[in-house]
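See below for upload17.cif, which holds mmCIF, C-alpha atoms.
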data_input
loop_
_atom_site.label_atom_id
_atom_site.label_comp_id
_atom_site.auth_asym_id
_atom_site.auth_seq_id
_atom_site.Cartn_x
_atom_site.Cartn_y
_atom_site.Cartn_z
CA MET A 1 -115.60 -9.38 39.66
CA PRO A 2 -118.37 -11.75 40.88
CA LEU A 3 -117.79 -15.47 40.81
CA ASN A 4 -118.73 -17.42 37.73
CA PRO A 5 -122.26 -18.78 38.46
CA ALA A 6 -121.14 -22.34 37.71
CA ASN A 7 -118.29 -22.08 40.22
CA PHE A 8 -120.57 -20.48 42.80
CA ASP A 9 -123.06 -23.33 42.43
CA TRP A 10 -120.24 -25.86 42.68
CA ILE A 11 -118.88 -24.44 45.93
CA ARG A 12 -122.38 -24.23 47.40
CA ARG A 13 -122.90 -27.94 46.68
CA PHE A 14 -119.45 -28.76 48.04
CA VAL A 15 -120.11 -27.00 51.36
CA GLU A 16 -123.53 -28.61 51.75
CA GLN A 17 -122.22 -32.10 50.99
CA ARG A 18 -119.32 -31.80 53.43
CA THR A 19 -120.97 -29.93 56.31
CA GLY A 20 -124.73 -29.90 55.75
CA ASN A 21 -124.66 -26.09 55.80
CA VAL A 22 -126.54 -24.22 53.11
CA VAL A 23 -125.00 -21.20 51.40
CA ASP A 24 -127.87 -18.99 50.26
CA GLU A 25 -127.98 -18.01 46.61
CA SER A 26 -127.71 -14.37 47.65
CA LYS A 27 -124.49 -14.92 49.63
CA MET A 28 -121.89 -14.90 46.86
CA TYR A 29 -120.13 -12.08 48.71
CA LEU A 30 -119.81 -14.36 51.75
CA VAL A 31 -118.02 -17.03 49.74
CA GLU A 32 -115.68 -14.46 48.23
CA SER A 33 -114.83 -12.82 51.57
CA ARG A 34 -114.34 -16.04 53.54
CA LEU A 35 -112.28 -17.80 50.88
CA ALA A 36 -110.06 -14.88 49.87
CA SER A 37 -107.38 -15.66 52.46
CA VAL A 38 -107.55 -19.39 51.64
CA ALA A 39 -106.98 -18.61 47.96
CA GLU A 40 -104.03 -16.37 48.77
CA SER A 41 -102.34 -18.87 51.08
CA ALA A 42 -102.91 -21.64 48.50
CA GLY A 43 -101.07 -19.58 45.90
CA GLN A 44 -104.18 -18.93 43.82
CA GLN A 45 -104.78 -15.59 42.14
CA ASN A 46 -108.32 -15.28 43.49
CA VAL A 47 -111.31 -17.27 44.76
CA GLU A 48 -112.35 -18.09 41.20
CA ALA A 49 -108.99 -19.74 40.54
CA LEU A 50 -109.20 -21.56 43.89
CA ILE A 51 -112.54 -23.14 43.00
CA GLU A 52 -111.35 -24.02 39.50
CA SER A 53 -108.38 -25.87 40.99
CA MET A 54 -110.66 -27.78 43.36
CA ARG A 55 -112.88 -28.84 40.49
CA VAL A 56 -110.01 -30.48 38.59
CA ALA A 57 -107.92 -31.98 41.41
CA THR A 58 -108.69 -33.48 44.81
CA ASP A 59 -106.68 -32.05 47.70
CA PRO A 60 -108.13 -33.19 51.07
CA HIS A 61 -106.08 -30.66 53.03
CA LEU A 62 -107.27 -27.76 50.87
CA GLU A 63 -110.85 -29.01 50.89
CA ARG A 64 -110.88 -29.02 54.69
CA ARG A 65 -109.50 -25.49 54.80
CA VAL A 66 -112.25 -24.38 52.43
CA PHE A 67 -115.19 -25.86 54.31
CA GLU A 68 -113.66 -24.80 57.64
CA ALA A 69 -113.62 -21.22 56.33
CA MET A 70 -117.30 -21.47 55.40
CA LEU A 71 -118.48 -22.65 58.81
CA THR A 72 -120.16 -20.22 61.21
CA HIS A 73 -118.66 -20.28 64.72
CA GLU A 74 -120.61 -17.57 66.53
CA SER A 75 -120.83 -18.43 70.22
CA SER A 76 -120.39 -16.92 73.66
CA PHE A 77 -120.46 -17.95 77.29
CA PHE A 78 -123.99 -18.23 78.70
CA ARG A 79 -125.40 -17.22 75.31
CA ASP A 80 -129.13 -16.47 75.62
CA LEU A 81 -129.02 -16.29 79.40
CA HIS A 82 -132.68 -17.25 79.81
CA TYR A 83 -131.78 -20.70 78.44
CA PHE A 84 -129.27 -21.24 81.21
CA ASP A 85 -131.75 -19.91 83.77
CA GLU A 86 -134.25 -22.52 82.58
CA LEU A 87 -131.61 -25.24 82.68
CA ALA A 88 -130.62 -24.24 86.22
CA THR A 89 -134.13 -23.96 87.67
CA GLY A 90 -136.09 -26.49 85.62
CA ILE A 91 -134.51 -29.03 83.32
CA LEU A 92 -131.34 -29.97 85.21
CA PRO A 93 -132.96 -30.33 88.67
CA GLN A 94 -135.64 -32.53 87.13
CA LEU A 95 -133.08 -34.75 85.38
CA VAL A 96 -130.96 -34.99 88.54
CA ARG A 97 -134.02 -36.07 90.56
CA GLN A 98 -134.95 -38.66 87.94
CA ARG A 99 -131.43 -40.12 87.97
CA GLN A 100 -130.81 -40.22 91.71
CA THR A 101 -130.81 -44.02 91.71
CA GLN A 102 -128.37 -44.67 88.87
CA ARG A 103 -126.45 -41.42 89.54
CA GLN A 104 -125.66 -40.97 85.88
CA LEU A 105 -126.06 -37.85 83.75
CA HIS A 106 -124.85 -37.69 80.16
CA ILE A 107 -125.05 -34.40 78.22
CA TRP A 108 -124.22 -33.65 74.59
CA SER A 109 -123.38 -30.15 73.37
CA ALA A 110 -123.59 -30.39 69.56
CA ALA A 111 -121.76 -27.90 67.32
CA CYS A 112 -119.97 -26.51 70.37
CA ALA A 113 -117.64 -24.11 68.45
CA ALA A 114 -114.79 -23.04 70.76
CA GLY A 115 -116.38 -24.65 73.82
CA GLN A 116 -118.21 -21.74 75.43
CA GLU A 117 -121.51 -23.62 75.71
CA PRO A 118 -120.25 -26.82 77.37
CA TYR A 119 -117.99 -24.85 79.73
CA SER A 120 -120.95 -22.64 80.66
CA LEU A 121 -122.93 -25.78 81.37
CA ALA A 122 -120.10 -27.20 83.50
CA MET A 123 -119.96 -23.99 85.54
CA LEU A 124 -123.72 -24.06 86.00
CA ILE A 125 -123.76 -27.69 87.16
CA HIS A 126 -120.97 -27.06 89.66
CA GLU A 127 -122.84 -24.06 91.07
CA GLN A 128 -126.15 -25.90 91.31
CA PHE A 129 -125.08 -29.39 92.39
CA GLY A 130 -121.45 -29.21 93.51
CA PRO A 131 -118.70 -31.56 92.29
CA MET A 132 -121.07 -34.56 91.83
CA ALA A 133 -117.99 -36.70 92.46
CA ASP A 134 -120.01 -39.88 92.99
CA TRP A 135 -121.95 -39.42 89.74
CA ASP A 136 -121.13 -40.63 86.25
CA LEU A 137 -121.32 -37.10 84.85
CA ARG A 138 -120.21 -36.69 81.25
CA ILE A 139 -120.45 -33.51 79.20
CA VAL A 140 -119.58 -34.44 75.63
CA ALA A 141 -119.02 -31.58 73.20
CA THR A 142 -118.64 -32.04 69.45
CA ASP A 143 -117.81 -29.85 66.49
CA LEU A 144 -116.56 -30.26 62.93
CA SER A 145 -113.94 -27.50 63.12
CA ARG A 146 -110.49 -28.62 64.24
CA PRO A 147 -109.25 -25.10 65.08
CA MET A 148 -112.33 -24.53 67.23
CA LEU A 149 -111.84 -27.85 69.02
CA LEU A 150 -108.18 -27.04 69.66
CA GLN A 151 -109.15 -23.78 71.37
CA ALA A 152 -111.90 -25.57 73.29
CA ARG A 153 -109.54 -28.23 74.63
CA LEU A 154 -107.05 -25.56 75.69
CA GLY A 155 -109.86 -23.56 77.30
CA ARG A 156 -108.03 -20.35 76.39
CA TYR A 157 -110.04 -17.22 75.61
CA SER A 158 -109.43 -13.53 75.10
CA ALA A 159 -110.60 -11.06 77.71
CA LEU A 160 -113.36 -9.94 75.35
CA GLU A 161 -114.62 -13.51 74.85
CA VAL A 162 -114.82 -14.08 78.60
CA GLN A 163 -116.26 -10.70 79.53
CA ARG A 164 -119.10 -11.14 76.99
CA GLY A 165 -120.92 -13.57 79.24
CA VAL A 166 -118.95 -14.53 82.35
CA SER A 167 -119.58 -12.54 85.51
CA PRO A 168 -116.58 -11.28 87.54
CA ALA A 169 -117.42 -13.83 90.24
CA ARG A 170 -117.35 -16.69 87.72
CA GLN A 171 -114.16 -15.34 86.19
CA ARG A 172 -112.49 -15.57 89.61
CA ARG A 173 -113.97 -19.00 90.35
CA PHE A 174 -113.42 -20.82 87.07
CA PHE A 175 -110.59 -19.05 85.19
CA GLN A 176 -107.01 -18.06 85.69
CA LYS A 177 -105.32 -15.11 83.99
CA GLU A 178 -102.43 -15.76 81.61
CA GLY A 179 -101.30 -12.40 80.32
CA THR A 180 -104.22 -10.88 78.44
CA HIS A 181 -106.06 -14.20 78.21
CA PHE A 182 -108.27 -16.25 80.51
CA VAL A 183 -107.81 -20.03 80.79
CA THR A 184 -110.41 -22.38 82.28
CA LEU A 185 -109.23 -24.12 85.42
CA PRO A 186 -108.25 -27.81 85.08
CA GLU A 187 -111.24 -28.87 87.20
CA LEU A 188 -113.53 -27.30 84.60
CA ARG A 189 -111.69 -28.76 81.60
CA GLN A 190 -111.84 -32.20 83.18
CA ARG A 191 -115.63 -32.03 83.16
CA VAL A 192 -115.88 -31.67 79.36
CA GLU A 193 -114.64 -34.02 76.66
CA PHE A 194 -114.33 -32.73 73.09
CA HIS A 195 -114.67 -34.79 69.91
CA GLU A 196 -114.57 -34.00 66.22
CA MET A 197 -117.93 -34.88 64.68
CA ASN A 198 -119.78 -34.20 61.45
CA LEU A 199 -123.47 -34.10 62.40
CA VAL A 200 -124.45 -35.15 58.88
CA THR A 201 -122.28 -38.25 58.53
CA ASP A 202 -120.88 -39.36 61.90
CA PRO A 203 -122.60 -41.34 64.67
CA PRO A 204 -122.92 -39.62 68.06
CA PRO A 205 -120.22 -40.41 70.63
CA LEU A 206 -122.49 -42.09 73.22
CA PRO A 207 -125.41 -44.49 72.87
CA ARG A 208 -127.71 -42.44 75.13
CA PHE A 209 -127.88 -38.85 76.37
CA ASP A 210 -130.13 -37.36 79.02
CA LEU A 211 -129.82 -33.84 77.65
CA ILE A 212 -128.89 -32.72 74.13
CA LEU A 213 -128.15 -29.07 73.40
CA MET A 214 -128.45 -28.51 69.66
CA ARG A 215 -128.87 -24.76 69.55
CA ASN A 216 -128.58 -22.71 66.37
CA VAL A 217 -127.69 -25.74 64.27
CA LEU A 218 -130.75 -26.63 62.19
CA ILE A 219 -131.20 -23.07 60.89
CA TYR A 220 -128.18 -23.60 58.63
CA MET A 221 -129.43 -26.90 57.17
CA THR A 222 -131.80 -28.02 54.45
CA GLU A 223 -135.03 -29.69 55.51
CA SER A 224 -133.80 -33.16 54.54
CA THR A 225 -130.51 -32.70 56.39
CA SER A 226 -132.36 -31.41 59.45
CA ARG A 227 -134.58 -34.48 59.45
CA GLY A 228 -131.55 -36.75 59.40
CA ILE A 229 -129.94 -34.90 62.32
CA LEU A 230 -133.19 -35.03 64.29
CA GLU A 231 -133.44 -38.77 63.68
CA THR A 232 -129.95 -39.15 65.13
CA ALA A 233 -130.96 -37.05 68.13
CA HIS A 234 -134.10 -39.17 68.61
CA ARG A 235 -132.11 -42.42 68.59
CA THR A 236 -129.60 -40.94 71.02
CA LEU A 237 -131.91 -39.23 73.52
CA ALA A 238 -133.01 -41.09 76.65
CA ARG A 239 -136.74 -41.72 76.78
CA ASP A 240 -137.30 -39.08 79.46
CA GLY A 241 -134.47 -36.82 78.27
CA ARG A 242 -134.61 -33.34 76.72
CA LEU A 243 -133.57 -31.92 73.37
CA VAL A 244 -132.96 -28.16 73.52
CA VAL A 245 -132.79 -26.06 70.33
CA GLY A 246 -131.98 -22.40 69.79
CA SER A 247 -133.93 -19.30 70.70
CA THR A 248 -134.64 -18.50 67.03
CA GLU A 249 -135.58 -22.07 66.17
CA THR A 250 -138.52 -24.33 66.41
CA LEU A 251 -137.94 -27.92 65.39
CA ILE A 252 -136.93 -27.40 61.76
CA PRO A 253 -138.49 -29.17 60.03
CA HIS A 254 -141.43 -30.04 62.27
CA SER A 255 -140.85 -33.58 63.42
CA ASP A 256 -143.34 -36.16 64.63
CA GLN A 257 -140.50 -37.70 66.66
CA PHE A 258 -140.56 -34.89 69.24
CA LYS A 259 -143.14 -32.98 71.22
CA ARG A 260 -142.60 -29.56 72.72
CA ASP A 261 -142.29 -29.30 76.47
CA HIS A 262 -144.83 -26.54 77.07
CA MET A 263 -143.77 -26.23 80.70
CA ARG A 264 -140.56 -24.56 79.49
CA ARG A 265 -139.92 -21.01 78.30
CA ILE A 266 -137.31 -22.22 75.82
CA GLY A 267 -137.12 -24.61 72.87
CA SER A 268 -137.23 -27.82 74.92
CA PHE A 269 -138.53 -31.07 73.41
CA GLN A 270 -139.15 -34.65 74.49
CA ALA A 271 -138.88 -37.68 72.26
CA VAL A 272 -142.06 -39.37 71.08
CA TYR A 273 -142.30 -43.13 70.60
CA PRO A 274 -144.99 -45.33 69.01
CA GLY A 275 -147.76 -45.88 71.53
CA ASP A 276 -147.03 -42.70 73.51
#
So that I can check it, write out the structure of this file as structure tokens.
Amino acid sequence: MPLNPANFDWIRRFVEQRTGNVVDESKMYLVESRLASVAESAGQQNVEALIESMRVATDPHLERRVFEAMLTHESSFFRDLHYFDELATGILPQLVRQRQTQRQLHIWSAACAAGQEPYSLAMLIHEQFGPMADWDLRIVATDLSRPMLLQARLGRYSALEVQRGVSPARQRRFFQKEGTHFVTLPELRQRVEFHEMNLVTDPPPLPRFDLILMRNVLIYMTESTSRGILETAHRTLARDGRLVVGSTETLIPHSDQFKRDHMRRIGSFQAVYPGD
């Protein structure tokens, strides 16, 4: 039996308020499928009863389990390989040249899921520039999901997760086998720091970043929420830094705070300031 429309509307508002993510009006089946196991483990007869209980009593632990279940965590190592090719041959060499004097490079991977993107970036940087031991190199990765962040900090992945995007040579160089799983080497884990962050409500973890990867984030948000996130990115991005969005995205919504870098084959943007 489909959800009561009032309960469906309530859970849609709840998810948007807590995470910024929009549940489409046509996705009632998605709510029912993702929350079925939560309802069962909470001792509720069905998803309808689960939502009814949430409407009458506040339970922070249950609320987190609900919005965690509604988050999308699709990711893979070196996802959209042409992005990493562009980072390796264009954006990163340019940033490294520009920062030779201060020898500082700060990177933010937003909505990092289980850590595949920031670890891919760490592998790429090591291959292109070596250890960079005398640099202040920080790769900061954030996500709202605690289970995803736990996996990311452990750096532990199934064989399928690793084989989806990591070449055999990189598997040998950056991972060690533990039974049927692959674990990132300590030298790779030390390059990335993970933090819990709600993009809608929390401030970013550093005052300035030279490169922000915010791929496949804005497509799940309303226009007003996207504008707020872009304003945060604008305040956080170094004046000559780069904001990179996903392969299916343009800047959503179109923002007068950024201009597209037309030298790039990917969604790369620079911040715009009054007088530019």
| Between CA of Asn21 (chain A) and CA of Thr222 (chain A), what is the distance, to one decimal in Å? |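 Separation between CA of Asn21 (chain A) and CA of Thr222 (chain A): 7.5 Å.
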| query | Could you write out as a ChimeraX atom specification the residues that the PyMOL selection byres ((chain A and resi 248) around 10) matches in the shown file? | reply | /A:215-216,219,245-247,249-250,266-267
| request: Please write the residues picked by the PyMOL selection byres ((chain A and resi 135-139) around 7) on this file as a count of residues only. | output: 15
| Given all atoms listed in the file as the counted atoms, nearest of A:Glu231, A:Glu32, A:Glu127, A:Asp202 to Pro2 (chain A) | A:Glu32
| request: Could you expand the PyMOL selection byres ((chain A and resi 195) around 7) into the explicit residues it covers here, written as a PyMOL selection string? | output: chain A and resi 141-143+193-194+196-197
| message | So that I can see what lies close to Pro5 (chain A), please list as a count of residues only the residues with an atom at most 12 Å from it, counting all atoms listed in the file and leaving out residues fewer than 6 positions away in the same chain. | response | 7
| field | Closest of A:Glu223, A:Asp24, A:Glu161, A:Glu63 to Arg79 (chain A) - atom-to-atom distances counting all atoms listed in the file | value | A:Glu161
| field | Å distance separating CA of Ser53 (chain A) from CA of Glu16 (chain A), one decimal place | value | 18.8 Å
| How many Å lie between CA of Ser145 (chain A) and CA of His61 (chain A), rounded to one decimal? | 13.2 Å
| said: Can you tell me which residues surround Thr89 (chain A) at a distance of at most 12 Å, considering all atoms listed in the file, apart from same-chain residues fewer than 2 positions away, and format the answer as a list in words? | reply: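 The contact residues come out as His82, Tyr83, Phe84, Asp85, Glu86, Leu87, Ile91, Leu92, Pro93, Gln94, Leu95, Val96, Leu124, Ile125, Glu127, Gln128, Phe129, Arg264 and Arg265 of chain A.
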| task | Show which residues sit within 10 Å of region 68-76 of chain A, as a count of residues only. Count all atoms listed in the file, and ignore same-chain residues fewer than 5 positions away. | result | 40
| query | Hey, which of A:Ala39, A:Gly155, A:Leu150, A:Ala49 ends up closest to Leu3 (chain A)? Count all atoms listed in the file. | reply |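 Using all atoms listed in the file, the shortest distance to Leu3 (chain A) belongs to A:Ala49.
Nearest-residue note for Ile229 (chain A): choosing from A:Ala110, A:Trp10, A:Pro205, A:Phe174, the minimum distance belongs to A:Ala110, counting only C-alpha atoms.
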